[in-house]
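File shown: my_file_6.txt. Contents: compact mmCIF, C-alpha atoms.
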# COMPACT_ATOMS: atom_id res chain seq x y z
CA MET A 276 -0.24 -15.97 154.24
CA HIS A 277 2.59 -17.57 152.29
CA ASP A 278 5.73 -19.10 153.77
CA LEU A 279 8.29 -16.27 153.59
CA ARG A 280 11.11 -18.76 153.11
CA LYS A 281 9.41 -19.95 149.92
CA ILE A 282 9.01 -16.34 148.80
CA VAL A 283 12.73 -15.68 149.34
CA ASN A 284 13.68 -18.92 147.57
CA ALA A 285 11.49 -17.95 144.61
CA ILE A 286 13.14 -14.53 144.31
CA LEU A 287 16.59 -16.12 144.48
CA TYR A 288 15.52 -18.67 141.85
CA VAL A 289 14.61 -15.86 139.45
CA CYS A 290 17.86 -14.07 140.26
CA ARG A 291 20.05 -17.13 139.68
CA THR A 292 18.32 -18.56 136.60
CA GLY A 293 17.21 -15.37 134.87
CA ILE A 294 13.72 -16.67 134.11
CA ALA A 295 10.70 -14.40 133.83
CA TRP A 296 8.56 -14.13 136.95
CA GLU A 297 5.62 -15.85 135.24
CA HIS A 298 7.81 -18.88 134.50
CA LEU A 299 8.41 -19.76 138.15
CA PRO A 300 7.96 -23.53 138.67
CA HIS A 301 4.76 -24.77 140.31
CA GLY A 302 6.48 -25.56 143.60
CA PHE A 303 6.77 -21.85 144.38
CA PRO A 304 4.00 -19.42 145.41
CA PRO A 305 2.12 -17.63 142.57
CA CYS A 306 4.37 -15.40 140.50
CA LYS A 307 2.32 -12.25 141.20
CA THR A 308 2.58 -12.88 144.94
CA VAL A 309 6.35 -13.38 144.71
CA TYR A 310 6.81 -10.22 142.64
CA ASP A 311 4.62 -8.18 144.99
CA TYR A 312 6.84 -9.19 147.91
CA TYR A 313 9.93 -8.41 145.83
CA ALA A 314 8.62 -4.95 144.96
CA ASN A 315 7.29 -4.13 148.44
CA TRP A 316 10.49 -5.24 150.16
CA GLU A 317 12.44 -2.95 147.84
CA VAL A 318 10.18 0.01 148.68
CA ASP A 319 10.10 -0.48 152.47
CA GLY A 320 13.83 -1.23 152.73
CA THR A 321 13.51 -4.87 153.83
CA THR A 322 15.78 -6.14 151.03
CA GLU A 323 18.55 -3.70 151.89
CA LYS A 324 18.24 -4.41 155.64
CA LEU A 325 18.56 -8.16 155.04
CA HIS A 326 21.56 -7.56 152.80
CA GLY A 327 23.20 -5.32 155.40
CA LEU A 328 22.76 -7.84 158.22
CA LEU A 329 24.29 -10.61 156.12
CA ARG A 330 27.24 -8.38 155.19
CA GLN A 331 27.95 -7.72 158.87
CA GLN A 332 27.83 -11.45 159.64
CA VAL A 333 30.22 -12.29 156.79
CA ARG A 334 32.66 -9.58 157.86
CA ILE A 335 32.64 -10.84 161.45
CA ALA A 336 33.06 -14.44 160.25
CA LYS A 337 36.10 -13.31 158.25
CA GLY A 338 37.65 -11.68 161.31
CA ARG A 339 36.75 -8.10 160.37
CA ALA A 340 34.88 -5.42 162.26
CA ALA A 341 31.17 -5.28 161.43
CA ALA A 342 31.54 -1.80 159.89
CA PRO A 343 33.94 -1.20 156.96
CA THR A 344 36.59 1.52 156.89
CA ALA A 345 37.54 1.40 153.19
CA ALA A 346 35.73 1.03 149.86
CA ILE A 347 36.51 0.30 146.21
CA ILE A 348 34.37 1.93 143.49
CA ASP A 349 33.69 0.72 139.95
CA SER A 350 30.95 0.56 137.32
CA GLN A 351 29.55 -1.92 134.82
CA SER A 352 27.46 -1.22 131.72
CA VAL A 353 24.88 -3.82 130.65
CA LYS A 354 22.36 -4.05 127.85
CA THR A 355 18.69 -3.70 128.70
CA SER A 356 15.62 -5.73 127.86
CA CYS A 357 12.92 -4.46 125.49
CA ASN A 358 10.61 -3.69 128.44
CA VAL A 359 12.94 -0.96 129.75
CA SER A 360 11.82 2.57 128.89
CA GLU A 361 14.07 4.76 126.74
CA SER A 362 14.11 7.41 129.47
CA SER A 363 15.97 5.15 131.91
CA GLN A 364 18.68 3.95 129.54
CA GLY A 365 21.40 5.50 127.42
CA ILE A 366 24.56 4.76 125.45
CA ASP A 367 27.96 4.16 127.03
CA ALA A 368 30.06 5.75 124.28
CA GLY A 369 33.28 4.13 125.47
CA LYS A 370 31.93 0.57 125.52
CA LYS A 371 29.35 1.02 122.74
CA ILE A 372 26.59 -0.38 124.97
CA LYS A 373 23.02 0.89 125.02
CA GLY A 374 21.49 0.18 128.39
CA ARG A 375 22.10 0.95 132.02
CA LYS A 376 25.13 1.25 134.23
CA ARG A 377 25.62 -0.24 137.69
CA HIS A 378 27.83 1.85 139.94
CA ILE A 379 28.98 -0.10 142.98
CA ALA A 380 31.21 0.24 146.01
CA THR A 381 32.51 -2.76 147.91
CA ASP A 382 34.53 -3.26 151.06
CA VAL A 383 38.02 -4.82 150.92
CA LEU A 384 36.46 -8.30 151.02
CA GLY A 385 34.41 -7.54 147.92
CA LEU A 386 31.11 -7.29 149.80
CA LEU A 387 28.65 -4.80 148.37
CA LEU A 388 28.29 -1.50 150.24
CA VAL A 389 26.46 0.71 147.75
CA VAL A 390 24.83 0.24 144.35
CA ILE A 391 23.08 2.81 142.19
CA VAL A 392 21.69 2.20 138.70
CA THR A 393 21.70 4.90 136.02
CA ALA A 394 21.44 5.20 132.27
CA ALA A 395 24.67 3.95 130.66
CA SER A 396 25.28 7.46 129.32
CA VAL A 397 25.89 8.84 132.83
CA GLN A 398 29.59 9.57 133.36
CA ASP A 399 31.44 7.61 136.03
CA SER A 400 32.61 10.80 137.70
CA ALA A 401 29.07 12.14 138.11
CA ALA A 402 27.75 8.85 139.47
CA GLY A 403 30.88 8.38 141.56
CA GLN A 404 29.96 11.46 143.57
CA GLN A 405 26.51 9.97 144.21
CA VAL A 406 28.14 6.74 145.37
CA LEU A 407 30.34 8.70 147.77
CA ASP A 408 27.26 10.51 149.10
CA ARG A 409 25.64 7.16 149.84
CA ILE A 410 28.81 5.85 151.47
CA ALA A 411 29.04 8.90 153.73
CA VAL A 412 25.44 8.44 154.91
CA GLU A 413 25.17 4.65 155.09
CA HIS A 414 28.78 3.79 156.04
CA PRO A 415 30.18 6.74 158.01
CA THR A 416 33.13 4.63 159.21
CA VAL A 417 34.59 4.56 155.68
CA SER A 418 37.49 7.03 155.38
CA MET A 419 39.34 5.64 152.33
CA ALA A 420 38.20 4.72 148.82
CA TRP A 421 39.90 3.53 145.64
CA ALA A 422 38.65 4.12 142.09
CA ASP A 423 39.98 3.69 138.55
CA GLY A 424 41.12 6.31 136.09
CA GLY A 425 37.58 6.93 134.86
CA TYR A 426 36.92 8.92 138.03
CA ASN A 427 38.35 12.42 137.80
CA HIS A 428 39.46 15.02 140.31
CA GLY A 429 35.84 16.00 140.91
CA VAL A 430 35.32 12.66 142.65
CA VAL A 431 38.53 13.09 144.65
CA ASN A 432 37.54 16.59 145.74
CA HIS A 433 33.98 15.52 146.55
CA GLY A 434 35.32 12.70 148.70
CA ALA A 435 37.55 15.15 150.56
CA ARG A 436 34.53 17.30 151.39
CA LEU A 437 32.83 14.21 152.82
CA GLY A 438 35.87 13.13 154.81
CA VAL A 439 36.70 10.24 152.46
CA GLN A 440 40.17 10.11 150.91
CA VAL A 441 39.79 8.91 147.30
CA GLU A 442 42.81 7.41 145.55
CA VAL A 443 42.62 6.89 141.78
CA VAL A 444 44.39 3.68 140.73
CA LYS A 445 46.08 4.34 137.40
CA ARG A 446 46.43 1.64 134.78
CA PRO A 447 50.07 0.71 134.00
CA THR A 448 51.58 2.00 130.77
CA THR A 449 53.03 -1.42 129.88
CA LYS A 450 50.98 -3.69 127.62
CA GLY A 451 49.45 -6.98 128.71
CA PHE A 452 47.23 -8.14 131.53
CA GLN A 453 48.11 -6.91 135.00
CA VAL A 454 46.24 -7.16 138.28
CA LEU A 455 45.58 -3.64 139.51
CA PRO A 456 45.99 -3.06 143.25
CA ARG A 457 42.62 -2.89 145.04
CA ARG A 458 40.72 -2.71 141.74
CA TRP A 459 40.70 -6.49 141.36
CA VAL A 460 38.51 -6.78 144.47
CA VAL A 461 35.56 -4.88 143.00
CA GLU A 462 36.08 -6.47 139.56
CA ARG A 463 35.86 -9.90 141.20
CA THR A 464 32.56 -8.84 142.81
CA LEU A 465 31.19 -7.83 139.41
CA GLY A 466 32.17 -11.30 138.20
CA TRP A 467 30.32 -12.90 141.13
CA LEU A 468 27.22 -10.87 140.32
CA MET A 469 27.27 -11.87 136.65
CA GLN A 470 27.00 -15.53 137.65
CA HIS A 471 23.36 -14.63 138.35
CA ARG A 472 21.68 -14.76 134.96
CA ARG A 473 19.06 -12.16 135.81
CA LEU A 474 21.94 -9.66 135.85
CA ALA A 475 23.40 -10.67 132.47
CA ARG A 476 21.06 -7.99 131.10
CA ASP A 477 18.95 -5.46 132.91
CA TYR A 478 15.44 -6.89 132.70
CA GLU A 479 13.86 -4.64 135.34
CA ALA A 480 11.45 -1.93 134.21
CA LEU A 481 12.52 0.44 137.02
CA PRO A 482 16.10 1.30 138.06
CA GLU A 483 15.06 0.77 141.70
CA ARG A 484 14.04 -2.82 140.92
CA SER A 485 17.32 -3.31 139.09
CA ARG A 486 19.21 -2.14 142.15
CA SER A 487 17.18 -4.53 144.29
CA MET A 488 18.09 -7.49 142.06
CA VAL A 489 21.78 -6.72 142.63
CA HIS A 490 21.13 -6.84 146.38
CA TRP A 491 19.42 -10.22 146.00
CA ALA A 492 22.36 -11.60 144.01
CA MET A 493 24.76 -10.50 146.73
CA THR A 494 22.41 -11.89 149.39
CA ASN A 495 22.65 -15.26 147.64
CA ILE A 496 26.46 -15.04 147.55
CA MET A 497 26.79 -14.08 151.22
CA SER A 498 24.33 -16.70 152.46
CA ARG A 499 26.39 -19.35 150.70
CA VAL A 500 29.58 -18.00 152.24
CA LEU A 501 28.03 -18.26 155.70
CA THR A 502 26.68 -21.79 155.14
CA GLY A 503 29.74 -23.07 153.30
CA GLU A 504 27.72 -24.01 150.22
CA PRO A 505 29.34 -23.68 146.78
CA THR A 506 28.03 -20.82 144.66
CA GLN A 507 25.77 -22.03 141.86
CA THR A 508 26.44 -20.90 138.31
How would this structure read if it were set down as structure tokens?
Amino acid sequence: MHDLRKIVNAILYVCRTGIAWEHLPHGFPPCKTVYDYYANWEVDGTTEKLHGLLRQQVRIAKGRAAAPTAAIIDSQSVKTSCNVSESSQGIDAGKKIKGRKRHIATDVLGLLLVVIVTAASVQDSAAGQQVLDRIAVEHPTVSMAWADGGYNHGVVNHGARLGVQVEVVKRPTTKGFQVLPRRWVVERTLGWLMQHRRLARDYEALPERSRSMVHWAMTNIMSRVLTGEPTQT
């Protein structure tokens, strides 16, 4: 029986540094053991439960209720590694990226609520409805959501059927950089996640494992918020 703290530290080490599992330093448990825990915790829901408990603690520490009432939705396309099957990736025509797309929803603090991973060819509006479905089931207290112009009326109407009011934040017509209301929160979260080198590309063979790695990155971020430690880059 291995020390579970060492197992968790090993997973976070892979997440932060982006190394392959087999390149874990000798101070950690065997790489196969670490990966088996990583995979099993994804399957049995342990990773998501840990992530959810930390999110509640951070919200309470920030003076918020444990359960969120609003969400911000966005997506991010990333290139994939050579070990990813063609069937689970695609081409984002707008961004000219072949790979996968992470669709996320955060609360107003930027804490992750939902993440799904699809081929990059999947339209935001189609995946946005899936994100709303997950929000309705996993976070029934959410009644308001913001999204960017890539999400069409289908997402708005789907949200209405679920009891979630979706507001599309339009980009300004004037040129130059401008901070978009609400949108900056989720974009900041995507920036936080990209500080974890394992997420710079999608190295996971299965979309479910890719989703799990996003949860581990956010677990690292939230644990540092709670302990007051600076986030490593």
Q: Could you please determine the separation between CA of Lys354 in chain A and CA of Lys371 in chain A in Å, to one decimal place?
A: 10.0 Å
(Q) I'd like the interatomic distance between CA of Arg409 in chain A and CA of Ala285 in chain A, to a tenth of an Å. (A) 29.3 Å
Near Trp491 in chain A, within 9 Å and counting only C-alpha atoms, which residues show up once chain neighbours fewer than 5 positions away are dropped, as a PDB file with C-alpha atoms, in the coordinates of the input?
ATOM      1  CA  ILE A 286      13.140 -14.530 144.310  1.00  0.00           C
ATOM      2  CA  LEU A 287      16.590 -16.120 144.480  1.00  0.00           C
ATOM      3  CA  CYS A 290      17.860 -14.070 140.260  1.00  0.00           C
ATOM      4  CA  THR A 322      15.780  -6.140 151.030  1.00  0.00           C
ATOM      5  CA  GLU A 323      18.550  -3.700 151.890  1.00  0.00           C
ATOM      6  CA  HIS A 326      21.560  -7.560 152.800  1.00  0.00           C
ATOM      7  CA  ARG A 486      19.210  -2.140 142.150  1.00  0.00           C
ATOM      8  CA  ILE A 496      26.460 -15.040 147.550  1.00  0.00           C
TER       9      ILE A 496
END
Q: List every protein, DNA or RNA residue that has at least one atom no more than 7 Å from (36.3, 0.4, 147.9) in the file's coordinates, counting only C-alpha atoms, and write the result as a list in words.
A: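 Output of the proximity query reads Ala345, Ala346, Ile347, Ile348, Ala380, Thr381, Asp382, Val383, Ala420 and Trp421 of chain A.
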Q) Quick one, how far is CA of Val389 in chain A from CA of Gly403 in chain A? A) 10.8 Å
Q | Residue with smallest distance to His490 in chain A - pool A:Val406, A:Ile372, A:Ala342, A:Val392, counting all atoms listed in the file | A | A:Val392
**Q.** Pick from A:Ala314, A:Leu474, A:Ala341, A:Ala492, whichever lies nearest to Ile294 in chain A using all atoms listed in the file
**A.**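 With all atoms listed in the file as the atom set, the closest residue is A:Leu474.
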Q | Nearest residue to Glu413 in chain A from the set A:Leu388, A:Leu501, A:Leu279, A:Leu465 (distances using only C-alpha atoms) | A |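 Of the candidates, the smallest distance to Glu413 in chain A is held by A:Leu388.
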**Q.** From A:Arg436, A:His277, A:Arg330, A:Arg458, residue lying nearest Asn495 in chain A [only C-alpha atoms]
**A.**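 Closest to Asn495 in chain A, using only C-alpha atoms: A:Arg330.
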Q) Taking (35.4, 5.3, 139.8) in the file's coordinates as the center, which residues reach within 7 Å of it, counting all atoms listed in the file, put as a VMD selection string? A) chain A and resid 348 to 350 399 to 400 403 422 to 426
Deliver the residues from the most recent selection as a file, using C-alpha atoms, as an mmCIF file, in the frame of the given file.
data_model
loop_
_atom_site.group_PDB
_atom_site.id
_atom_site.type_symbol
_atom_site.label_atom_id
_atom_site.label_comp_id
_atom_site.auth_asym_id
_atom_site.auth_seq_id
_atom_site.Cartn_x
_atom_site.Cartn_y
_atom_site.Cartn_z
ATOM 1 C CA ILE A 348 34.370 1.930 143.490
ATOM 2 C CA ASP A 349 33.690 0.720 139.950
ATOM 3 C CA SER A 350 30.950 0.560 137.320
ATOM 4 C CA ASP A 399 31.440 7.610 136.030
ATOM 5 C CA SER A 400 32.610 10.800 137.700
ATOM 6 C CA GLY A 403 30.880 8.380 141.560
ATOM 7 C CA ALA A 422 38.650 4.120 142.090
ATOM 8 C CA ASP A 423 39.980 3.690 138.550
ATOM 9 C CA GLY A 424 41.120 6.310 136.090
ATOM 10 C CA GLY A 425 37.580 6.930 134.860
ATOM 11 C CA TYR A 426 36.920 8.920 138.030
#
Q.
Report as a list in words all protein, DNA and RNA residues lying within 12 Å of Ile282 in chain A, evaluated on all atoms listed in the file, omitting residues in the same chain fewer than 5 positions from it.
A.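 Within the cut-off, the hits are Met276, His277, Leu287, Tyr288, Val289, Leu299, Gly302, Phe303, Pro304, Pro305, Cys306, Lys307, Thr308, Val309, Tyr310, Asp311, Tyr312, Tyr313 and Trp316 of chain A.
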(Q) Report as number ranges by chain all protein, DNA and RNA residues lying within 12 Å of Thr502 in chain A, evaluated on only C-alpha atoms, omitting residues in the same chain fewer than 4 positions from it. (A) A: 329, 332-333, 336, 495-498, 506
